[in-house]
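Dumped target.txt below, it's compact mmCIF, C-alpha atoms and all ligand atoms:
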```
# COMPACT_ATOMS: atom_id res chain seq x y z
CA MET A 7 97.73 -40.60 -134.56
CA ALA A 8 96.58 -36.96 -134.54
CA GLN A 9 93.05 -38.21 -133.99
CA LEU A 10 94.24 -40.26 -130.98
CA ILE A 11 96.01 -37.22 -129.44
CA ARG A 12 92.89 -35.03 -129.92
CA THR A 13 90.75 -37.68 -128.24
CA PHE A 14 93.23 -37.95 -125.37
CA ILE A 15 93.27 -34.15 -124.83
CA LEU A 16 89.47 -34.04 -124.92
CA VAL A 17 89.18 -36.85 -122.33
CA PHE A 18 91.77 -35.07 -120.16
CA PHE A 19 89.85 -31.77 -120.14
CA ILE A 20 86.52 -33.43 -119.42
CA SER A 21 88.07 -35.36 -116.50
CA ALA A 22 89.66 -32.21 -115.10
CA LEU A 23 86.33 -30.38 -115.35
CA LEU A 24 84.47 -33.14 -113.54
CA LEU A 25 87.11 -33.37 -110.80
CA GLY A 26 86.94 -29.60 -110.31
CA CYS A 27 83.19 -29.74 -109.82
CA SER A 28 83.31 -32.58 -107.35
CA SER A 29 86.00 -30.92 -105.23
CA ASN A 30 83.93 -27.73 -105.09
CA GLN A 31 81.02 -29.81 -103.99
CA VAL A 32 83.05 -31.30 -101.16
CA ASN A 33 84.05 -27.82 -99.98
CA GLU A 34 80.47 -26.64 -100.01
CA ASP A 35 79.35 -29.65 -98.03
CA LEU A 36 82.08 -29.09 -95.48
CA THR A 37 81.12 -25.46 -95.12
CA THR A 38 77.50 -26.20 -94.47
CA ALA A 39 78.46 -29.02 -92.11
CA ILE A 40 80.16 -26.60 -89.69
CA PRO A 41 77.85 -26.30 -86.68
CA LYS A 42 76.25 -22.91 -86.14
CA GLU A 43 78.08 -22.37 -82.88
CA SER A 44 81.55 -22.97 -84.39
CA SER A 45 80.99 -20.61 -87.27
CA GLU A 46 79.71 -17.95 -84.89
CA LYS A 47 82.70 -18.35 -82.65
CA LEU A 48 85.02 -17.81 -85.57
CA GLN A 49 83.52 -14.35 -85.89
CA GLU A 50 84.28 -13.52 -82.28
CA LYS A 51 87.17 -11.17 -82.71
CA PRO A 52 90.19 -11.00 -80.42
CA ALA A 53 90.22 -7.82 -78.40
CA ASN A 54 93.39 -6.58 -80.05
CA THR A 55 91.54 -6.31 -83.33
CA TYR A 56 88.34 -5.27 -81.70
CA LEU A 57 89.84 -2.40 -79.78
CA ASN A 58 90.60 -0.65 -83.05
CA GLU A 59 86.96 -0.70 -84.04
CA THR A 60 84.52 2.04 -83.39
CA GLU A 61 82.12 -0.18 -81.49
CA ASN A 62 84.28 -0.27 -78.41
CA THR A 63 84.45 3.50 -78.16
CA ASP A 64 80.71 3.95 -77.78
CA ALA A 65 80.60 1.71 -74.74
CA VAL A 66 81.21 4.57 -72.37
CA ASP A 67 77.84 6.07 -73.29
CA GLU A 68 76.11 2.97 -72.05
CA HIS A 69 77.60 2.96 -68.60
CA LEU A 70 75.32 3.21 -65.67
CA ASP A 71 75.41 5.56 -62.79
CA SER A 72 78.11 4.13 -60.53
CA SER A 73 76.15 4.60 -57.30
CA LYS A 74 73.36 2.42 -58.67
CA VAL A 75 75.88 -0.21 -59.65
CA GLU A 76 77.51 -0.14 -56.25
CA GLN A 77 74.14 -0.68 -54.65
CA SER A 78 73.42 -3.58 -57.00
CA ASN A 79 76.74 -5.15 -56.25
CA THR A 80 76.07 -4.86 -52.56
CA GLU A 81 72.74 -6.56 -52.99
CA GLN A 82 74.23 -9.24 -55.20
CA SER A 83 77.04 -10.12 -52.82
CA GLY A 84 74.62 -10.36 -49.92
CA THR A 85 76.80 -8.19 -47.71
CA THR A 86 76.37 -4.58 -46.78
CA ASN A 87 80.03 -3.60 -46.69
CA GLN A 88 81.11 -4.81 -50.12
CA LYS A 89 83.98 -2.62 -51.33
CA ILE A 90 84.23 -1.59 -54.95
CA LYS A 91 87.95 -1.86 -55.65
CA TYR A 92 88.05 -1.91 -59.43
CA TYR A 93 86.38 -0.42 -62.43
CA VAL A 94 86.34 -1.39 -66.08
CA ASN A 95 87.63 1.34 -68.35
CA ARG A 96 86.31 2.07 -71.86
CA ASN A 97 88.67 -0.53 -73.34
CA TYR A 98 87.44 -3.12 -70.84
CA PHE A 99 90.62 -3.27 -68.76
CA ILE A 100 90.25 -3.72 -65.02
CA LYS A 101 91.65 -0.70 -63.20
CA PRO A 102 92.01 -0.19 -59.44
CA VAL A 103 89.89 2.61 -58.00
CA ASN A 104 92.95 3.54 -55.95
CA PRO A 105 95.61 4.44 -58.56
CA ASP A 106 98.38 3.60 -56.08
CA ASP A 107 97.14 0.03 -55.70
CA PRO A 108 100.26 -2.05 -56.44
CA ASN A 109 98.44 -5.37 -57.00
CA LYS A 110 98.64 -7.17 -60.33
CA VAL A 111 95.16 -8.41 -61.20
CA VAL A 112 93.20 -10.17 -63.91
CA LEU A 113 89.52 -10.83 -64.42
CA LEU A 114 88.63 -14.33 -65.64
CA THR A 115 85.57 -14.77 -67.88
CA PHE A 116 84.10 -17.82 -69.61
CA ASP A 117 81.67 -17.46 -72.51
CA ASP A 118 79.26 -19.77 -74.34
CA THR A 119 78.43 -21.71 -71.20
CA PRO A 120 77.22 -23.97 -69.56
CA ARG A 121 77.70 -26.60 -72.24
CA GLY A 122 78.15 -29.41 -69.75
CA GLU A 123 81.07 -31.52 -70.93
CA ASN A 124 83.79 -29.26 -69.55
CA THR A 125 81.98 -26.90 -67.19
CA VAL A 126 82.64 -28.87 -64.01
CA ARG A 127 86.29 -29.40 -64.95
CA ILE A 128 86.65 -25.63 -65.28
CA LEU A 129 84.85 -25.06 -61.97
CA ASN A 130 87.12 -27.55 -60.16
CA ILE A 131 90.30 -25.91 -61.49
CA LEU A 132 89.01 -22.46 -60.45
CA ASP A 133 88.34 -23.85 -56.95
CA LYS A 134 91.89 -25.22 -56.76
CA TYR A 135 93.21 -21.66 -57.20
CA GLN A 136 90.37 -20.04 -55.22
CA ALA A 137 89.64 -17.98 -58.31
CA LYS A 138 86.25 -16.48 -59.12
CA ALA A 139 85.05 -15.71 -62.62
CA ILE A 140 82.12 -14.41 -64.63
CA PHE A 141 80.35 -17.11 -66.65
CA PHE A 142 78.56 -15.49 -69.58
CA ILE A 143 75.78 -17.93 -70.34
CA ASN A 144 73.71 -18.53 -73.46
CA GLY A 145 70.04 -19.31 -72.82
CA HIS A 146 69.96 -22.26 -75.20
CA TYR A 147 72.72 -23.99 -73.21
CA ALA A 148 71.44 -22.91 -69.80
CA VAL A 149 67.90 -24.14 -70.31
CA LYS A 150 69.28 -27.65 -70.88
CA ASN A 151 71.75 -27.39 -67.97
CA LYS A 152 69.90 -25.52 -65.24
CA GLU A 153 71.60 -27.49 -62.47
CA LEU A 154 74.98 -26.37 -63.83
CA VAL A 155 73.91 -22.72 -63.76
CA LYS A 156 72.99 -23.26 -60.11
CA GLU A 157 76.31 -25.01 -59.48
CA ILE A 158 78.30 -22.11 -60.98
CA TYR A 159 76.31 -19.68 -58.82
CA ASN A 160 76.64 -21.79 -55.67
CA ARG A 161 80.40 -21.92 -56.04
CA GLY A 162 80.51 -18.13 -55.81
CA HIS A 163 80.91 -17.14 -59.44
CA ILE A 164 78.87 -14.52 -61.25
CA ILE A 165 76.34 -15.44 -63.92
CA GLY A 166 76.47 -13.00 -66.83
CA ASN A 167 74.10 -12.73 -69.79
CA HIS A 168 75.54 -13.62 -73.23
CA ALA A 169 72.22 -13.71 -75.16
CA TRP A 170 69.93 -16.68 -75.86
CA TRP A 171 71.09 -17.89 -79.31
CA HIS A 172 74.37 -15.97 -79.50
CA GLU A 173 72.98 -13.78 -82.29
CA ASN A 174 74.87 -10.72 -83.52
CA LEU A 175 72.73 -7.96 -82.01
CA ASN A 176 73.63 -5.47 -84.71
CA TYR A 177 71.29 -7.30 -87.09
CA LEU A 178 68.26 -7.85 -84.85
CA ASN A 179 64.92 -6.04 -84.70
CA GLU A 180 63.29 -4.93 -81.46
CA GLU A 181 61.36 -8.15 -80.82
CA ASP A 182 64.31 -10.47 -81.46
CA THR A 183 66.60 -8.27 -79.37
CA LYS A 184 64.18 -8.53 -76.44
CA ASN A 185 64.07 -12.30 -76.77
CA GLU A 186 67.85 -12.57 -76.98
CA ILE A 187 68.47 -10.57 -73.80
CA ILE A 188 65.41 -10.61 -71.54
CA LYS A 189 64.72 -14.35 -71.81
CA VAL A 190 68.20 -15.12 -70.48
CA SER A 191 67.80 -12.77 -67.53
CA ASP A 192 64.39 -14.31 -66.76
CA LEU A 193 65.91 -17.78 -66.80
CA VAL A 194 68.81 -16.79 -64.54
CA GLU A 195 66.37 -15.23 -62.10
CA GLU A 196 64.26 -18.39 -62.14
CA ILE A 197 67.34 -20.51 -61.30
CA THR A 198 69.30 -18.26 -58.91
CA GLY A 199 66.77 -15.68 -57.74
CA GLU A 200 68.88 -12.85 -59.17
CA ARG A 201 68.97 -11.13 -62.54
CA PRO A 202 72.39 -10.82 -64.24
CA LYS A 203 74.27 -7.55 -63.77
CA TYR A 204 76.74 -8.01 -66.61
CA PHE A 205 76.04 -8.39 -70.32
CA ARG A 206 78.57 -9.50 -72.92
CA PRO A 207 77.26 -9.05 -76.46
CA PRO A 208 77.98 -12.02 -78.76
CA ASN A 209 80.99 -11.16 -80.94
CA GLY A 210 81.34 -7.97 -78.89
CA ALA A 211 78.79 -6.35 -81.19
CA LEU A 212 76.03 -4.04 -80.02
CA ALA A 213 76.68 -0.50 -81.24
CA LYS A 214 74.08 -0.49 -84.01
CA ASN A 215 71.21 -1.77 -81.87
CA PRO A 216 69.39 1.00 -79.95
CA TYR A 217 66.90 -1.51 -78.46
CA ALA A 218 69.71 -3.47 -76.83
CA LYS A 219 71.09 -0.31 -75.25
CA GLU A 220 67.66 0.55 -73.89
CA ILE A 221 67.19 -2.92 -72.45
CA LEU A 222 70.60 -2.83 -70.73
CA ALA A 223 69.70 0.51 -69.17
CA ASN A 224 66.28 -0.72 -68.00
CA GLU A 225 67.75 -3.94 -66.65
CA GLN A 226 70.62 -2.05 -64.95
CA MET A 227 72.95 -4.40 -66.73
CA GLN A 228 76.51 -3.39 -67.49
CA ARG A 229 78.01 -4.12 -70.86
CA MET A 230 81.32 -5.92 -70.54
CA ASN A 231 83.46 -6.91 -73.49
CA TRP A 232 87.02 -8.14 -72.89
CA SER A 233 90.57 -6.87 -73.27
CA LEU A 234 92.50 -10.12 -73.83
CA GLY A 235 91.22 -12.94 -76.03
CA SER A 236 92.72 -16.36 -75.28
CA ARG A 237 92.07 -17.36 -78.93
CA ASP A 238 90.73 -20.69 -77.63
CA TRP A 239 87.85 -20.32 -80.10
CA GLU A 240 90.29 -20.14 -83.02
CA ILE A 241 92.76 -22.79 -81.88
CA VAL A 242 89.93 -25.13 -80.71
CA LYS A 243 91.71 -28.52 -80.92
CA PRO A 244 91.96 -29.91 -77.36
CA GLU A 245 95.47 -31.26 -77.98
CA LEU A 246 96.70 -27.73 -78.74
CA ALA A 247 95.95 -26.42 -75.23
CA GLU A 248 99.57 -25.35 -74.83
CA LYS A 249 99.00 -22.69 -77.52
CA VAL A 250 96.24 -21.12 -75.42
CA VAL A 251 98.55 -21.13 -72.39
CA GLU A 252 101.22 -19.38 -74.51
CA GLU A 253 98.68 -16.84 -75.77
CA ILE A 254 97.94 -15.78 -72.20
CA LYS A 255 101.58 -15.92 -71.09
CA ASN A 256 102.68 -13.69 -73.96
CA ASN A 257 99.94 -11.09 -73.74
CA VAL A 258 98.65 -10.78 -70.18
CA ILE A 259 99.23 -7.51 -68.34
CA SER A 260 97.84 -6.22 -65.09
CA GLY A 261 94.17 -5.46 -65.58
CA SER A 262 93.61 -7.97 -68.39
CA ASN A 263 89.96 -8.95 -68.75
CA ILE A 264 90.49 -12.44 -70.16
CA LEU A 265 88.02 -14.04 -72.56
CA MET A 266 87.91 -17.85 -72.51
CA HIS A 267 85.22 -20.34 -73.49
CA ASP A 268 83.54 -23.37 -71.94
CA ILE A 269 85.28 -25.79 -74.32
CA GLU A 270 87.67 -28.70 -73.95
CA ILE A 271 90.86 -26.93 -75.04
CA THR A 272 90.33 -24.34 -72.32
CA ALA A 273 89.59 -26.96 -69.66
CA ASN A 274 92.89 -28.60 -70.70
CA ALA A 275 94.81 -25.31 -70.56
CA LEU A 276 93.28 -23.69 -67.47
CA ASP A 277 95.40 -25.31 -64.74
CA LYS A 278 98.61 -24.15 -66.43
CA ILE A 279 97.18 -20.67 -67.10
CA LEU A 280 96.19 -20.14 -63.48
CA ALA A 281 99.46 -21.63 -62.15
CA PHE A 282 101.39 -19.21 -64.38
CA LEU A 283 99.33 -16.21 -63.28
CA VAL A 284 99.76 -17.05 -59.58
CA GLU A 285 103.50 -17.57 -60.06
CA GLU A 286 103.74 -14.17 -61.76
CA GLY A 287 102.04 -12.53 -58.79
CA TYR A 288 98.59 -11.93 -60.24
CA THR A 289 95.47 -12.14 -58.11
CA PHE A 290 92.02 -12.82 -59.47
CA VAL A 291 89.55 -9.98 -59.22
CA LEU A 292 86.27 -10.81 -57.55
CA PRO A 293 83.70 -9.82 -60.13
CA THR A 294 81.55 -8.32 -57.37
CA GLU A 295 84.31 -5.80 -56.75
CA VAL A 296 84.06 -4.37 -60.26
CA ILE A 297 82.04 -1.47 -61.59
CA ILE A 298 81.99 0.08 -65.02
CA GLU A 299 83.71 3.46 -65.32
CA ASN A 300 81.35 6.37 -65.56
ZN ZN B 1 80.30 -16.07 -77.32
```
Represent the structure of the file as structure tokens.
Amino acid sequence: MAQLIRTFILVFFISALLLGCSSNQVNEDLTTAIPKESSEKLQEKPANTYLNETENTDAVDEHLDSSKVEQSNTEQSGTTNQKIKYYVNRNYFIKPVNPDDPNKVVLLTFDDTPRGENTVRILNILDKYQAKAIFFINGHYAVKNKELVKEIYNRGHIIGNHAWWHENLNYLNEEDTKNEIIKVSDLVEEITGERPKYFRPPNGALAKNPYAKEILANEQMQRMNWSLGSRDWEIVKPELAEKVVEEIKNNVISGSNILMHDIEITANALDKILAFLVEEGYTFVLPTEVIIEN
């Protein structure tokens, strides 16, 4: 009998050991199966967290001379009497140049675009509300969707640079940094005839890369992070769009610089987000009206 019990215990332990191994294996496989883009997006931190980090505080050093920017904006808009009404402060909030300006405003931005499946849906909803946005494009998407880049531009939005492969710039050498940033600007110029004026570093990270700072200065490109993350990149599932709407409803304030992505959940949520903002009296800042604070 004792022999039987010992055998049973031994079999039990061996089975448990084998099961443990196989479940670990499954986890590993799942981890490696996550597409590069999704795992990168998970690292993109909401602004609330990000604002506490030191990286955001160095941004002010990278700002360009405002007169140069105003001139660039004038050129970009194609008019000679373009008024600069807003600036972006060091925490990436949109502030009116005139402190007595009573308007409630937000800036809409879409990252990791144009991916194609949802881009036109997003564009159509923006048109419905006559809202303009900055689309921060990645080169690897844009090169496959050049006609969409043109479409975004033709509908009056601004094309921003969000790096070619969405690499974290803090870990890149000079050559790779150049490729990440300059190649995107070259591509945008090839498609639209204009080089981007705004740069949003992937994951908001740039502080440890002196080459990136130099390139932004040479390119007269303004760094622009965000002040309100929609968390669409964390919530992700298209059927949970209502959660993204709630995220905006609960956290938006005048001057919010809202980060969204070119993904299905956001396309599902956008109509409700914009309807809410209009109902609450917000207007949408024209990106050409914005400069970075000196
Ligand atoms: Zn991104």
Go through A:Thr289, A:Asn176, A:Asn231, A:Thr198 and flag the residue nearest ligand ZN 1 (chain B), using only C-alpha atoms and all ligand atoms for the distances.
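Checking each of A:Thr289, A:Asn176, A:Asn231, A:Thr198 against ligand ZN 1 (chain B), counting only C-alpha atoms and all ligand atoms, the winner is A:Asn231.
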Which residues are near ligand ZN 1 (chain B) in this structure, taking near to mean any atom at most 6 Å from a ligand atom and counting all atoms listed in the file? Format them as a compact mmCIF listing (two decimals) with C-alpha atoms, in the coordinates of the input.
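Below you can see out_2.txt, which holds the result:
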```
# COMPACT_ATOMS: atom_id res chain seq x y z
CA ASP A 117 81.67 -17.46 -72.51
CA ASP A 118 79.26 -19.77 -74.34
CA PRO A 208 77.98 -12.02 -78.76
```
Please check which residues have atoms at most 10 Å from (100.6, -12.4, -59.7) in the file's coordinates, counting only C-alpha atoms, and write them as a CSV table (one decimal) with C-alpha atoms, keeping the file's coordinate frame.
```
chain,number,residue,atom,x,y,z
A,109,ASN,CA,98.4,-5.4,-57.0
A,110,LYS,CA,98.6,-7.2,-60.3
A,111,VAL,CA,95.2,-8.4,-61.2
A,112,VAL,CA,93.2,-10.2,-63.9
A,260,SER,CA,97.8,-6.2,-65.1
A,280,LEU,CA,96.2,-20.1,-63.5
A,281,ALA,CA,99.5,-21.6,-62.2
A,282,PHE,CA,101.4,-19.2,-64.4
A,283,LEU,CA,99.3,-16.2,-63.3
A,284,VAL,CA,99.8,-17.0,-59.6
A,285,GLU,CA,103.5,-17.6,-60.1
A,286,GLU,CA,103.7,-14.2,-61.8
A,287,GLY,CA,102.0,-12.5,-58.8
A,288,TYR,CA,98.6,-11.9,-60.2
A,289,THR,CA,95.5,-12.1,-58.1
A,290,PHE,CA,92.0,-12.8,-59.5
```
Q.
To one decimal place in Å, what is the distance between CA of Phe116 (chain A) and CA of Lys89 (chain A)?
A.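 Those two atoms sit 23.8 Å apart.
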**Study point:** Residue with smallest distance to Asn179 (chain A) - pool A:Lys214, A:Lys101, A:Arg229, A:Arg121, counting all atoms listed in the file
**Key:**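 Looking only at the distances to Asn179 (chain A), the closest residue turns out to be A:Lys214.
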Contact table region 184-289 of chain A vs region 129-145 of chain A, cut-off 8 Å, shortest pair per residue, only C-alpha atoms, as a Markdown table:
```
| residue | atom | partner | partner_atom | distance |
| --- | --- | --- | --- | --- |
| A:Lys189 | CA | A:Gly145 | CA | 7.3 |
| A:Val190 | CA | A:Gly145 | CA | 5.1 |
| A:Leu193 | CA | A:Gly145 | CA | 7.5 |
| A:Phe205 | CA | A:Phe142 | CA | 7.6 |
| A:Arg206 | CA | A:Phe142 | CA | 6.9 |
| A:Leu276 | CA | A:Ile131 | CA | 7.0 |
| A:Asp277 | CA | A:Ile131 | CA | 6.1 |
| A:Leu280 | CA | A:Tyr135 | CA | 7.1 |
| A:Ala281 | CA | A:Tyr135 | CA | 8.0 |
```
Can you work out which one of A:Val242, A:Ile197, A:Ile187, A:Leu114 has the shortest atom-to-atom distance to Ile254 (chain A), counting only C-alpha atoms?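 Of the candidates, the smallest distance to Ile254 (chain A) is held by A:Leu114.
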For this session: Quick one: pull the distance between CA of Lys150 (chain A) and CA of Glu196 (chain A), Å, one decimal.
Result: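 Computing it gives 13.7 Å between the two atoms.
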Test item: which residues lie within 8 Å of (79.9, -11.1, -78.5) counting only C-alpha atoms, as an MDAnalysis selection string: chainID A and resid 50 168 172 174 206:211 231
